[in-house]
Structures are given as structure tokens and as C-alpha cells.
Amino acid sequence: MANAWMCFCFLIFFYISSARNFTKVNAEMKTWCVAKPSSDQATLLDNINYACSHVDCRVLSNGCPCSSPGNLINHASVAMNLYYQANGRNYWNCNFKNSGLIVITNPSYGNCYYEYT
């Protein structure tokens with residue numbers, strides 16, 4: 001019983017210290033939030049709606065640089081990154097019910113520049 005308790009305590013400690021280190025790494029390097037390619041369409045749409053209810057997503061409007069290509073994964077990635085950047089660039093602000101992915105390579109394309117603040 002003591003070994004099980006010790007193992008459980010170690011796992012809790014490891015989880016807490018890993019989360020802190022991950023947040024610290026984000027603070028020291030440029031990171032962006034994008035949608036996981038495996039995300040389903042309904043989740044992507046939910047992410048767009050949630051993020052854009054909290055940040056300005058006009059960059060996704062027709063005729064704006066990030067409106068093309070007009071698919072959900074690109075739009076969700078831009079919206080999710082806007083939310084992530086505006087709210088402190090930490091793991092929890094890119095989770096989006098486990099459909100977000102933090103990347104260290106700038107995902108900007110063409111004239112669509114992913115914000116980094």
C-alpha cells in the first residue's frame with residue numbers, strides 16, 4: 001500500500017512540475033496555436049465560434065488575408081491562435097477540448113500572418 005501511495009505522489013509531482021516547465025518553455029520561445037489535423041468539423045466550428053466570441057477575428061472575413069483557403073481547419077487555426085496569443089500563450093489557452101496543438105514553427109502562409117504577441 002505504501003508503494004502505491006508513493007507512486008501516486010510521484011505521478012502528481014511529475015504532472016505538476018511538467019505543466020510548469022511547459023508553460024515556462026512557452027514564455028521563452030515563440031509559439032503558436034493551431035488546430036489538430038485530426039479534429040472533426042463540428043469541433044473546428046465550435047473552436048472558431050468560441051475563440052471569435054472572445055477576440056477580434058475580422059482577419060477571417062471575406063477579402064481579408066486569412067479568409068483563403070476557406071476551410072474550417074485553416075480558419076480554426078487562425079482563430080485559435082488569436083485567442084491563444086491574447087490570453088497568455090500557455091497550454092490551457094490552446095487546449096480547446098484537446099483539439100489544439102502548440103507549435104514552434106510559424107504557421108503563417110501567403111499574406112496570412114499568424115499573430116504573435
# chains A, B, ... in the order shown; residues from 1 in each chain; ligands from 1
>>> residues_around(residues="A:Ile48", least_positions_apart="2", cutoff="8 Å", atoms="only C-alpha atoms", output="list in words")
Leu44, Leu45, Asp46, Tyr50, Ala51, Cys52, His75, Ala76, Ala79 and Met80 of chain A
>>> atom_distance(atom1="atom CA of A:Gly70", atom2="atom CA of A:Tyr91")
26.8 Å
>>> select_by_dssp(residues="stretch 14-112 of chain A", states="alpha helix (DSSP H)", output="VMD selection string")
chain A and resid 14 to 28 41 to 52 72 to 86
>>> atom_distance(atom1="atom CA of A:Ala42", atom2="atom CA of A:Leu72")
9.3 Å
>>> atom_distance(atom1="atom CA of A:Cys66", atom2="atom CA of A:Val78")
7.5 Å
>>> residues_around(residues="A:Ala86", least_positions_apart="3", cutoff="10 Å", atoms="only C-alpha atoms", output="list in words")
His54, Val55, Asp56, Met80, Asn81, Leu82, Tyr83, Arg89, Asn93, Glu115, Tyr116 and Thr117 of chain A
>>> select_by_dssp(residues="stretch 27-101 of chain A", states="strand (DSSP E)", output="ChimeraX atom specification")
/A:32-35,100-101
>>> write_last_selection(atoms="all heavy atoms", output="tab-separated table (two decimals), in the first residue's frame")
chain	number	residue	atom	x	y	z
A	32	TRP	N	2.83	29.20	-31.32
A	32	TRP	CA	1.53	29.48	-31.92
A	32	TRP	C	0.62	28.32	-31.62
A	32	TRP	O	1.07	27.22	-31.32
A	32	TRP	CB	1.66	29.65	-33.43
A	32	TRP	CG	2.47	30.83	-33.85
A	32	TRP	CD1	1.99	32.06	-34.19
A	32	TRP	CD2	3.89	30.92	-33.99
A	32	TRP	NE1	3.03	32.90	-34.53
A	32	TRP	CE2	4.20	32.23	-34.42
A	32	TRP	CE3	4.93	30.01	-33.80
A	32	TRP	CZ2	5.51	32.64	-34.65
A	32	TRP	CZ3	6.24	30.44	-34.02
A	32	TRP	CH2	6.51	31.74	-34.44
A	33	CYS	N	-0.67	28.55	-31.72
A	33	CYS	CA	-1.67	27.51	-31.50
A	33	CYS	C	-2.39	27.24	-32.82
A	33	CYS	O	-2.85	28.18	-33.47
A	33	CYS	CB	-2.67	27.98	-30.44
A	33	CYS	SG	-4.01	26.82	-30.12
A	34	VAL	N	-2.47	25.98	-33.21
A	34	VAL	CA	-3.19	25.59	-34.41
A	34	VAL	C	-4.12	24.42	-34.09
A	34	VAL	O	-3.97	23.75	-33.08
A	34	VAL	CB	-2.24	25.20	-35.56
A	34	VAL	CG1	-1.37	26.38	-35.98
A	34	VAL	CG2	-1.36	24.01	-35.18
A	35	ALA	N	-5.06	24.19	-34.98
A	35	ALA	CA	-5.98	23.06	-34.82
A	35	ALA	C	-5.27	21.76	-35.18
A	35	ALA	O	-4.50	21.71	-36.15
A	35	ALA	CB	-7.20	23.26	-35.71
A	100	GLY	N	-6.39	21.45	-29.86
A	100	GLY	CA	-5.37	22.43	-30.20
A	100	GLY	C	-3.98	21.85	-30.08
A	100	GLY	O	-3.73	20.90	-29.34
A	101	LEU	N	-3.07	22.44	-30.83
A	101	LEU	CA	-1.69	21.96	-30.86
A	101	LEU	C	-0.77	23.18	-30.82
A	101	LEU	O	-0.91	24.09	-31.63
A	101	LEU	CB	-1.47	21.17	-32.15
A	101	LEU	CG	-0.14	20.51	-32.38
A	101	LEU	CD1	0.10	19.43	-31.32
A	101	LEU	CD2	-0.12	19.88	-33.77
>>> closest_residue(among="A:Ser68, A:Tyr109, A:Asn49, A:Ser77", to="A:Cys94", atoms="only C-alpha atoms")
A:Ser77
